[in-house]
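Here the structure is laid out as structure tokens; the discussion comes afterwards.
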Amino acid sequence: MSRLIACWMRRVGRCTAALLVPLLMVTAAYGAEVGSYRGGRIDPQAPAVMVVPQGHNAAAFYDGVRRSLYAPGVTSIQTPEANVLIQSEGNTWRQIRNGPITVWGGWLILAVMVAITLFYLVKGTIKLHEPTTGRKLLRFTVYERLVHWVVAISFVLLALTGLSLLFGKHLIEPIFGTSVNAALLWVAKNVHNYTGPLFGFFLVLMIVRWAKDNLFTSVDWLWAKKFGGLLSGEEIPSGRFNFGEKFWFWVGVTVLGLTITVTGLILDFPLFGQTRQDMQLAHIFHASAALFMIAMAFGHIYIGTIGSEGSLEGMKTGYVDEAWAKQHHAVWYQEITGRRQ
Amino acid sequence: MARMKFVCDAERCINCNGCVTACKNEHEVPWGIQRRRVVTLNEGQPGEKSISVACMHCSDAPCMAVCPTNCFYRTEEGLVLHDKDKCIGCGYCFYACPFGAPQFPNGASAFAARGKMDKCTFCAGGPGENGSEEELKKYGRNRLAEGKLPLCAEMCSTKALIAGDAEVLSDIMRERVLRRGYGAELWGWRVAYGDGKQAQRGQRVHAPEKP
Ligand code: HEM
Ligand code: SF4
Ligand code: SF4
Ligand code: SF4
């Protein structure tokens, strides 16, 4: 038993490594870039007494204040953090948001769009190799489809509105002017703020429902090694979900989706004493994870629609043709029909 | 054109909050918002310093840089003002501002419904017609258009807080620092009673009699 688990783990490890390593490398490079921006950090254990200014030059004293080396001051104003004279990390956050998040994020989205378009132009739609049989198999229940479409539609809304908050100034404003951009962003912000929790709730339902069918199995190794036959056109057997879908499920939907949800809720409900630093950090994780997830979603949406004939039908009607099931999910086909091809 | 600036002389500020009150009253600022505040550092300790702070009208303003709707604009005097009609209340300027200047009338509420951002205008109002009713309601009084300087600085009893043309302010500060001689040492026994050597050095301070 333990040998079986060890063997299984090794396989999963290798499968995942194939796609995870490049992703981790990009993430690490991005993290290093973002981490290289240093701001002050308010130290809760900081001494209440600061350096007493010496001589005519109090530069060291105010430098310490600026870098939040000491405990905050005292003020009669009651609003939160009014006692903090300077928070330099505000400007650090600005540099990260307007720097790597906007620049890397923008290029990432653009690169993925170009890559997928090129892929489509070169490879075209993956056609069914055999004519449809007219015999249908139930692939997704009503509940599964409902959950999927709520997540999908809210995701697209959130992505469009979120991206417009980040890029509207660079894309919408130069063409339509500040007033139009501002009016659109007012709508975008409110749509984003209200759709967010809905997305988060249904995302959790989705993860719970599909986690079991997304556990890695030994067949996934083959899929990962051959990249699902996407380049060669081969038919690679897989269970209910193939390795590509599982990768999207765990890395995209689960890890990135939950990161976006948790940080989004922190941004959405500033009612629990969040400081500006909390909001800055939440925003950095939120926007970064969102941009990665949007990039991955392009791939998912492509393969679910024009990329592969018959795939959309399953999520639209709940049923797929036997020919499609045999070609794309042979193991699943055998399991539910009991038939060998 | 003059570059408008605030300077708060921490050697003079006595934390009286007169500037805070003057601002609040002049512009009928909504509840929960103080465009200006006084922060005391090292409170009750040697080296205590009070500083009055509002929007610093930064040259490379973080608020302006992060605003998704680009609703900020810079006036000829270098002031950073904003257009409330274009503000969507996202709060980004508040996260970015080092000085805690931007504030929101709703406070923190669900779905980040923060309302229109409000901050110090250097008593220069906002977009639209100078001195109009609308400007008064949204941004407060436009003193600058009337040739007056910000009220907080005008009201300051110790003239710790000064506002106006940056070059004039620098001259005032330079002169103060020169005359003061003491710099930041203006505190403690030695300053109040001397160290006993002033008489030898021919200074005006009378040294206490040696026992
Ligand atoms: C639980 C789900 C979510 C919640 C609660 C949420 C909440 C928020 C909030 C409060 C903001 C700050 C903007 C503002 O207040 O106007 C924000 C920004 C943003 N969100 Fe979300 N969001 C969620 C999901 C998503 C998803 C799924 C995406 C993308 C697919 C996304 C992409 C973005 C982007 C790109 C920004 C803008 C960052 C910027 O302008 O710097 N969000 N989100
Ligand atoms: S609001 Fe803050 S960041 Fe913007 S100009 Fe004023 S002090 Fe500078
Ligand atoms: S709260 Fe208003 S002024 Fe501040 S960044 Fe958002 S839109 Fe701009
Ligand atoms: S300059 Fe005017 S608006 Fe700004 S703090 Fe002073 S009184 Fe208030």
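Just so we're on the same page: first chain in the structure tokens is A, next is B, and so on; residues restart at 1 for each chain, and ligands are numbered from 1 in the order they show up.
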
Tell me, counting only C-alpha atoms and all ligand atoms, for each residue of chain B within 12 Å of ligand 3, which pair of atoms is nearest and how far apart they are in Å to one decimal, in rows ordered by chain and increasing number, as CSV.
residue,atom,partner,partner_atom_place_in_ligand_line,distance
B:Ala61,CA,ligand 3,5 (S),11.5
B:Pro62,CA,ligand 3,5 (S),9.6
B:Cys63,CA,ligand 3,5 (S),6.3
B:Met64,CA,ligand 3,5 (S),7.2
B:Ala65,CA,ligand 3,5 (S),8.5
B:Val66,CA,ligand 3,5 (S),6.1
B:Cys67,CA,ligand 3,5 (S),3.6
B:Pro68,CA,ligand 3,7 (S),5.9
B:Thr69,CA,ligand 3,7 (S),5.4
B:Asn70,CA,ligand 3,8 (Fe),6.3
B:Cys71,CA,ligand 3,8 (Fe),5.7
B:Phe72,CA,ligand 3,3 (S),6.7
B:Tyr73,CA,ligand 3,3 (S),10.4
B:Val80,CA,ligand 3,3 (S),10.9
B:Leu81,CA,ligand 3,3 (S),9.4
B:His82,CA,ligand 3,3 (S),6.6
B:Asp83,CA,ligand 3,3 (S),7.6
B:Lys84,CA,ligand 3,2 (Fe),7.2
B:Asp85,CA,ligand 3,2 (Fe),9.1
B:Lys86,CA,ligand 3,7 (S),6.7
B:Cys87,CA,ligand 3,2 (Fe),3.6
B:Ile88,CA,ligand 3,7 (S),4.3
B:Gly89,CA,ligand 3,1 (S),3.7
B:Cys90,CA,ligand 3,6 (Fe),4.0
B:Gly91,CA,ligand 3,1 (S),4.1
B:Tyr92,CA,ligand 3,5 (S),4.3
B:Cys93,CA,ligand 3,5 (S),4.1
B:Phe94,CA,ligand 3,4 (Fe),6.4
B:Tyr95,CA,ligand 3,5 (S),8.7
B:Ala96,CA,ligand 3,5 (S),8.6
B:Cys97,CA,ligand 3,4 (Fe),9.7
B:Gly100,CA,ligand 3,4 (Fe),11.9
B:Ala101,CA,ligand 3,4 (Fe),10.5
B:Pro102,CA,ligand 3,4 (Fe),7.2
B:Gln103,CA,ligand 3,1 (S),8.5
B:Phe104,CA,ligand 3,1 (S),8.0
B:Pro105,CA,ligand 3,1 (S),11.1
B:Asn106,CA,ligand 3,1 (S),12.0
B:Ala112,CA,ligand 3,1 (S),10.3
B:Ala113,CA,ligand 3,1 (S),10.1
B:Arg114,CA,ligand 3,1 (S),7.8
B:Gly115,CA,ligand 3,1 (S),8.0
B:Lys116,CA,ligand 3,2 (Fe),6.2
B:Met117,CA,ligand 3,1 (S),5.2
B:Asp118,CA,ligand 3,3 (S),8.1
B:Lys119,CA,ligand 3,3 (S),9.4

Residues within 7 Å of B:Gln34, only C-alpha atoms, excluding chain neighbours under 2 positions, as a ChimeraX atom specification: /B:20,24,32,36-37

Residues from the last selection, C-alpha atoms, saved as a compact mmCIF listing (two decimals), in the first residue's frame:
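Final output, again_5.txt:
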# COMPACT_ATOMS: atom_id res chain seq x y z
CA VAL B 20 -7.39 71.66 12.69
CA LYS B 24 -12.89 72.26 9.89
CA GLY B 32 -15.39 62.15 10.61
CA ARG B 36 -5.45 68.51 8.94
CA ARG B 37 -4.25 66.84 12.11

Original post:
Taking only C-alpha atoms and all ligand atoms into account, which residues are within 10 Å of ligand 4, as JSON, numbers by chain?
Top reply: {"B": [5, 6, 19, 20, 21, 22, 23, 24, 25, 26, 27, 28, 29, 34, 35, 36, 37, 52, 53, 54, 55, 56, 57, 101, 118, 119, 120, 121, 122, 123, 124, 125, 139, 140, 141, 142, 143, 144, 149, 150, 151, 152, 153, 154, 155, 161, 162, 163, 164]}

The residue from B:Ala10, B:Met173, B:Leu178, B:Cys58 with the smallest atom-to-atom distance to ligand 2, counting only C-alpha atoms and all ligand atoms, is B:Cys58

For B:Cys16, work out the shell of residues within 9 Å, counting only C-alpha atoms and skipping chain neighbours fewer than 4 positions away, then give it as a PyMOL selection string. chain B and resi 20+38+156-157

Item to complete: Could you please tell me, as number ranges by chain, which residues of chain A have an atom within 6 Å of chain B when using only C-alpha atoms?
Response: A: 49, 52-53, 55-56, 73-75, 83, 86-88, 90-91, 94, 165, 169, 182, 186, 193, 268-271, 276

Mind dumping a table of every chain A residue within 7 Å of ligand 1, with the nearest atom pair and its distance in Å to one decimal, using only C-alpha atoms and all ligand atoms, sorted by chain and rising number, as CSV?
residue,atom,partner,partner_atom_place_in_ligand_line,distance
A:Arg97,CA,ligand 1,41 (O),6.1
A:Phe155,CA,ligand 1,27 (C),4.8
A:Val156,CA,ligand 1,30 (C),6.6
A:Leu158,CA,ligand 1,28 (C),4.7
A:Ala159,CA,ligand 1,30 (C),3.7
A:Gly162,CA,ligand 1,34 (C),3.5
A:Leu163,CA,ligand 1,35 (C),4.4
A:Leu165,CA,ligand 1,40 (O),4.2
A:Leu166,CA,ligand 1,40 (O),3.7
A:Lys189,CA,ligand 1,16 (O),4.3
A:His192,CA,ligand 1,22 (N),6.2
A:Asn193,CA,ligand 1,7 (C),5.4
A:Gly196,CA,ligand 1,2 (C),3.4
A:Pro197,CA,ligand 1,1 (C),4.5
A:Leu198,CA,ligand 1,1 (C),6.9
A:Phe199,CA,ligand 1,2 (C),5.5
A:Gly200,CA,ligand 1,1 (C),4.1
A:Gly257,CA,ligand 1,27 (C),6.8
A:Ile260,CA,ligand 1,24 (C),5.6
A:Thr261,CA,ligand 1,1 (C),3.5
A:Val262,CA,ligand 1,1 (C),6.6
A:Gly264,CA,ligand 1,4 (C),3.6
A:Leu265,CA,ligand 1,5 (C),4.2
A:Leu267,CA,ligand 1,10 (C),4.2
A:Asp268,CA,ligand 1,10 (C),3.8
A:His283,CA,ligand 1,38 (C),6.7
A:His286,CA,ligand 1,20 (N),6.3
A:Ala287,CA,ligand 1,34 (C),4.9
A:Ala290,CA,ligand 1,29 (C),4.3
A:Leu291,CA,ligand 1,35 (C),6.4
A:Met293,CA,ligand 1,30 (C),6.3
A:Ile294,CA,ligand 1,30 (C),5.4

A:Phe241 surroundings by only C-alpha atoms, 10 Å radius, close-in-sequence under 3 positions cut, as a compact mmCIF listing (two decimals) with all heavy atoms, in the first residue's frame:
# COMPACT_ATOMS: atom_id res chain seq x y z
N TRP A 210 -15.77 19.16 -7.25
CA TRP A 210 -14.90 18.54 -8.26
C TRP A 210 -13.55 18.07 -7.76
O TRP A 210 -12.75 17.54 -8.52
CB TRP A 210 -14.72 19.51 -9.46
CG TRP A 210 -15.91 19.52 -10.37
CD1 TRP A 210 -16.88 18.57 -10.45
CD2 TRP A 210 -16.25 20.51 -11.33
NE1 TRP A 210 -17.81 18.90 -11.39
CE2 TRP A 210 -17.44 20.11 -11.95
CE3 TRP A 210 -15.67 21.70 -11.73
CZ2 TRP A 210 -18.07 20.85 -12.95
CZ3 TRP A 210 -16.30 22.44 -12.73
CH2 TRP A 210 -17.49 22.02 -13.32
N ASP A 213 -12.69 14.20 -8.37
CA ASP A 213 -12.41 13.81 -9.76
C ASP A 213 -11.15 14.46 -10.31
O ASP A 213 -10.73 14.14 -11.42
CB ASP A 213 -13.61 14.16 -10.65
CG ASP A 213 -14.76 13.20 -10.42
OD1 ASP A 213 -14.50 12.09 -9.93
OD2 ASP A 213 -15.91 13.57 -10.73
N ASN A 214 -10.59 15.38 -9.55
CA ASN A 214 -9.38 16.04 -10.02
C ASN A 214 -8.12 15.52 -9.35
O ASN A 214 -7.04 16.06 -9.57
CB ASN A 214 -9.48 17.55 -9.82
CG ASN A 214 -10.21 18.22 -10.98
OD1 ASN A 214 -9.72 18.25 -12.09
ND2 ASN A 214 -11.41 18.71 -10.70
N LEU A 215 -8.28 14.48 -8.48
CA LEU A 215 -7.08 13.89 -7.88
C LEU A 215 -6.25 13.29 -9.01
O LEU A 215 -6.80 12.71 -9.95
CB LEU A 215 -7.47 12.82 -6.86
CG LEU A 215 -8.17 13.36 -5.61
CD1 LEU A 215 -8.63 12.23 -4.71
CD2 LEU A 215 -7.25 14.31 -4.85
N PHE A 216 -4.94 13.42 -8.90
CA PHE A 216 -4.09 12.92 -9.98
C PHE A 216 -4.04 11.39 -9.96
O PHE A 216 -4.03 10.78 -8.92
CB PHE A 216 -2.67 13.49 -9.83
CG PHE A 216 -2.62 14.96 -10.13
CD1 PHE A 216 -2.58 15.89 -9.10
CD2 PHE A 216 -2.65 15.41 -11.44
CE1 PHE A 216 -2.54 17.25 -9.38
CE2 PHE A 216 -2.62 16.77 -11.72
CZ PHE A 216 -2.57 17.69 -10.68
N ASP A 220 -2.44 10.38 -15.84
CA ASP A 220 -2.14 11.79 -16.08
C ASP A 220 -0.71 12.00 -16.57
O ASP A 220 -0.42 12.96 -17.28
CB ASP A 220 -2.35 12.60 -14.79
CG ASP A 220 -3.82 12.66 -14.43
OD1 ASP A 220 -4.64 12.68 -15.36
OD2 ASP A 220 -4.13 12.66 -13.24
N SER A 238 -7.68 9.68 -20.75
CA SER A 238 -7.68 10.28 -19.41
C SER A 238 -8.99 9.98 -18.73
O SER A 238 -9.97 9.55 -19.37
CB SER A 238 -7.47 11.79 -19.51
OG SER A 238 -8.56 12.38 -20.16
N GLY A 244 -4.48 18.47 -17.98
CA GLY A 244 -4.59 19.91 -18.20
C GLY A 244 -5.70 20.53 -17.36
O GLY A 244 -5.52 21.57 -16.71
N GLU A 245 -6.83 19.83 -17.36
CA GLU A 245 -7.96 20.33 -16.56
C GLU A 245 -7.63 20.30 -15.08
O GLU A 245 -8.03 21.21 -14.32
CB GLU A 245 -9.20 19.47 -16.83
CG GLU A 245 -9.76 19.66 -18.24
CD GLU A 245 -10.88 18.68 -18.54
OE1 GLU A 245 -10.60 17.48 -18.66
OE2 GLU A 245 -12.03 19.12 -18.62
N LYS A 246 -6.91 19.24 -14.67
CA LYS A 246 -6.57 19.13 -13.24
C LYS A 246 -5.60 20.23 -12.82
O LYS A 246 -5.69 20.78 -11.73
CB LYS A 246 -5.96 17.75 -12.96
CG LYS A 246 -7.00 16.64 -13.04
CD LYS A 246 -6.39 15.27 -12.87
CE LYS A 246 -7.48 14.21 -13.03
NZ LYS A 246 -6.93 12.86 -12.89
N PHE A 247 -4.68 20.51 -13.72
CA PHE A 247 -3.72 21.57 -13.43
C PHE A 247 -4.46 22.90 -13.27
O PHE A 247 -4.24 23.65 -12.32
CB PHE A 247 -2.71 21.65 -14.58
CG PHE A 247 -1.60 22.62 -14.33
CD1 PHE A 247 -0.54 22.27 -13.51
CD2 PHE A 247 -1.62 23.88 -14.91
CE1 PHE A 247 0.49 23.16 -13.27
CE2 PHE A 247 -0.59 24.78 -14.66
CZ PHE A 247 0.46 24.42 -13.85
N PHE A 249 -7.54 23.20 -12.47
CA PHE A 249 -8.36 23.10 -11.28
C PHE A 249 -7.57 23.43 -10.01
O PHE A 249 -8.00 24.23 -9.19
CB PHE A 249 -8.98 21.70 -11.15
CG PHE A 249 -9.84 21.54 -9.93
CD1 PHE A 249 -11.17 21.95 -9.94
CD2 PHE A 249 -9.33 20.99 -8.75
CE1 PHE A 249 -11.96 21.82 -8.81
CE2 PHE A 249 -10.12 20.87 -7.62
CZ PHE A 249 -11.43 21.28 -7.66
N HIS A 328 -11.53 11.89 -26.03
CA HIS A 328 -10.84 12.77 -25.08
C HIS A 328 -10.70 12.19 -23.68
O HIS A 328 -9.81 12.58 -22.94
CB HIS A 328 -11.57 14.11 -24.99
CG HIS A 328 -11.46 14.92 -26.24
ND1 HIS A 328 -10.31 15.53 -26.63
CD2 HIS A 328 -12.37 15.18 -27.22
CE1 HIS A 328 -10.51 16.16 -27.78
NE2 HIS A 328 -11.75 15.95 -28.16
N HIS A 329 -11.63 11.32 -23.31
CA HIS A 329 -11.61 10.83 -21.92
C HIS A 329 -11.87 9.33 -21.92
O HIS A 329 -12.84 8.86 -21.32
CB HIS A 329 -12.66 11.56 -21.07
CG HIS A 329 -12.40 13.04 -20.97
ND1 HIS A 329 -11.58 13.59 -20.02
CD2 HIS A 329 -12.82 14.08 -21.74
CE1 HIS A 329 -11.52 14.91 -20.18
NE2 HIS A 329 -12.27 15.23 -21.23
N VAL A 331 -10.64 6.75 -20.44
CA VAL A 331 -10.76 6.01 -19.17
C VAL A 331 -12.13 6.27 -18.55
O VAL A 331 -12.81 5.36 -18.08
CB VAL A 331 -9.63 6.42 -18.20
CG1 VAL A 331 -9.79 5.71 -16.87
CG2 VAL A 331 -8.27 6.13 -18.82
N TRP A 332 -12.54 7.51 -18.60
CA TRP A 332 -13.86 7.87 -18.06
C TRP A 332 -14.96 7.15 -18.86
O TRP A 332 -15.91 6.61 -18.30
CB TRP A 332 -14.04 9.40 -18.16
CG TRP A 332 -15.39 9.90 -17.73
CD1 TRP A 332 -15.90 9.89 -16.47
CD2 TRP A 332 -16.40 10.49 -18.58
NE1 TRP A 332 -17.16 10.44 -16.47
CE2 TRP A 332 -17.50 10.82 -17.76
CE3 TRP A 332 -16.47 10.78 -19.94
CZ2 TRP A 332 -18.66 11.42 -18.25
CZ3 TRP A 332 -17.62 11.38 -20.43
CH2 TRP A 332 -18.71 11.70 -19.59

*Between atom CA of B:Gly128 and atom CA of A:Leu171, measure the distance and give it in Å to one decimal.*
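Separation of atom CA of B:Gly128 and atom CA of A:Leu171: 26.3 Å.
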
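The residues of stretch 8-187 of chain B that DSSP assigns to strand (DSSP E) on this backbone come out as B:Cys8, B:Arg37, B:Val38, B:Val39, B:Thr40, B:Leu41, B:Lys49, B:Ser50, B:Ile51, B:Ser52, B:Val53, B:Phe72, B:Tyr73, B:Arg74, B:Val80, B:Leu81, B:His82, B:Leu161, B:Ile162, B:Ala163, B:Gly164, B:Asp165.
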
Please, could you write that set of residues out with N, CA and C atoms as a tab-separated table (two decimals), in the first residue's frame?
chain	number	residue	atom	x	y	z
B	8	CYS	N	5.74	72.98	8.44
B	8	CYS	CA	5.42	73.03	9.86
B	8	CYS	C	6.72	72.96	10.64
B	37	ARG	N	-4.34	67.39	10.76
B	37	ARG	CA	-4.25	66.84	12.11
B	37	ARG	C	-2.88	67.14	12.69
B	38	VAL	N	-2.79	67.08	14.00
B	38	VAL	CA	-1.50	67.30	14.64
B	38	VAL	C	-1.05	65.98	15.26
B	39	VAL	N	0.15	65.56	14.94
B	39	VAL	CA	0.69	64.33	15.51
B	39	VAL	C	1.86	64.70	16.41
B	40	THR	N	1.84	64.15	17.63
B	40	THR	CA	2.93	64.40	18.57
B	40	THR	C	3.81	63.17	18.65
B	41	LEU	N	5.09	63.38	18.41
B	41	LEU	CA	6.06	62.29	18.48
B	41	LEU	C	6.79	62.39	19.80
B	49	LYS	N	8.00	66.27	19.95
B	49	LYS	CA	7.81	67.15	18.79
B	49	LYS	C	6.37	67.02	18.31
B	50	SER	N	5.74	68.14	18.05
B	50	SER	CA	4.40	68.09	17.45
B	50	SER	C	4.48	68.64	16.04
B	51	ILE	N	3.77	68.00	15.15
B	51	ILE	CA	3.78	68.44	13.75
B	51	ILE	C	2.35	68.45	13.22
B	52	SER	N	1.98	69.54	12.60
B	52	SER	CA	0.67	69.62	11.96
B	52	SER	C	0.83	69.12	10.53
B	53	VAL	N	-0.03	68.19	10.12
B	53	VAL	CA	0.13	67.60	8.80
B	53	VAL	C	-1.21	67.55	8.06
B	72	PHE	N	-7.12	63.43	-10.35
B	72	PHE	CA	-6.28	64.48	-9.77
B	72	PHE	C	-5.74	65.39	-10.86
B	73	TYR	N	-5.49	66.61	-10.49
B	73	TYR	CA	-4.80	67.52	-11.42
B	73	TYR	C	-3.90	68.44	-10.62
B	74	ARG	N	-2.89	68.97	-11.29
B	74	ARG	CA	-1.95	69.85	-10.62
B	74	ARG	C	-2.19	71.27	-11.11
B	80	VAL	N	-1.98	69.87	-5.59
B	80	VAL	CA	-2.60	68.63	-6.06
B	80	VAL	C	-4.08	68.68	-5.66
B	81	LEU	N	-4.94	68.91	-6.63
B	81	LEU	CA	-6.38	68.98	-6.37
B	81	LEU	C	-7.06	67.82	-7.10
B	82	HIS	N	-8.33	67.58	-6.77
B	82	HIS	CA	-9.01	66.48	-7.44
B	82	HIS	C	-10.45	66.82	-7.76
B	161	LEU	N	3.11	76.69	11.70
B	161	LEU	CA	2.60	76.29	10.39
B	161	LEU	C	2.58	77.52	9.47
B	162	ILE	N	3.34	77.42	8.42
B	162	ILE	CA	3.32	78.52	7.45
B	162	ILE	C	3.01	77.95	6.07
B	163	ALA	N	2.36	78.78	5.24
B	163	ALA	CA	1.97	78.31	3.91
B	163	ALA	C	2.21	79.41	2.91
B	164	GLY	N	2.56	79.04	1.71
B	164	GLY	CA	2.75	80.05	0.68
B	164	GLY	C	3.83	79.65	-0.31
B	165	ASP	N	4.38	80.65	-0.98
B	165	ASP	CA	5.42	80.44	-1.97
B	165	ASP	C	6.64	79.75	-1.34

If you count only C-alpha atoms and all ligand atoms, the residue of B:Gly147, B:Pro30, B:Gly78, B:Gly131 closest to ligand 2 turns out to be B:Gly78

re atom CA of A:Ile236 and atom CA of A:Lys326: distance 10.0 Å

**Asked** How far is it from atom CA of B:Glu146 to atom CA of B:Arg3, in Å with one decimal?
**Response**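 If I compute the distance from atom CA of B:Glu146 to atom CA of B:Arg3, I get 17.2 Å.
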
| request: Compile the contact shell of stretch 315-317 of chain A as JSON, numbers by chain: residues with an atom at most 7 Å away, counting only C-alpha atoms, same-chain residues fewer than 3 positions apart removed. | output: {"A": [140, 145, 312]}

If you keep C-alpha atoms, can you produce a file of those selected residues as an mmCIF file, in the first residue's frame?
data_model
loop_
_atom_site.group_PDB
_atom_site.id
_atom_site.type_symbol
_atom_site.label_atom_id
_atom_site.label_comp_id
_atom_site.auth_asym_id
_atom_site.auth_seq_id
_atom_site.Cartn_x
_atom_site.Cartn_y
_atom_site.Cartn_z
ATOM 1 C CA PHE A 140 -22.306 17.347 -15.910
ATOM 2 C CA ARG A 145 -23.437 23.278 -14.661
ATOM 3 C CA LEU A 312 -18.733 23.242 -24.958
#

DSSP alpha helix (DSSP H) residues within stretch 197-257 of chain A, as a list of chain:residue names: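 Those residues are A:Pro197, A:Leu198, A:Phe199, A:Gly200, A:Phe201, A:Phe202, A:Leu203, A:Val204, A:Leu205, A:Met206, A:Ile207, A:Val208, A:Arg209, A:Trp210, A:Val219, A:Asp220, A:Trp221, A:Leu222, A:Trp223, A:Ala224, A:Lys225, A:Phe243, A:Gly244, A:Glu245, A:Lys246, A:Phe247, A:Gly257.
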
Taking into account only C-alpha atoms and all ligand atoms, which residue in the set B:Met4, B:Gly126, B:Ser59, B:Glu76 is nearest to ligand 2?
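So, comparing all the options, the nearest one is B:Ser59.
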
Go through B:Ala2, B:Leu79, B:Cys13, B:Val7 and flag the residue nearest ligand 2, using only C-alpha atoms and all ligand atoms for the distances.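 Going through B:Ala2, B:Leu79, B:Cys13, B:Val7 one by one, the smallest distance to ligand 2 is for B:Leu79.
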
| request: Pick out the residues sitting within 10 Å of A:Trp223, and hand them over as a ChimeraX atom specification; count only C-alpha atoms, and ignore anything fewer than 3 positions along from it in its own chain. | output: /A:15,218-220,226-230,235-238,242-244

* To do: Measuring atom to atom with only C-alpha atoms, identify which of A:Met296, A:Val151, A:Gly307, A:Ser164 is nearest to A:Thr102.
  =>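 The answer is A:Ser164, which sits nearest to A:Thr102.
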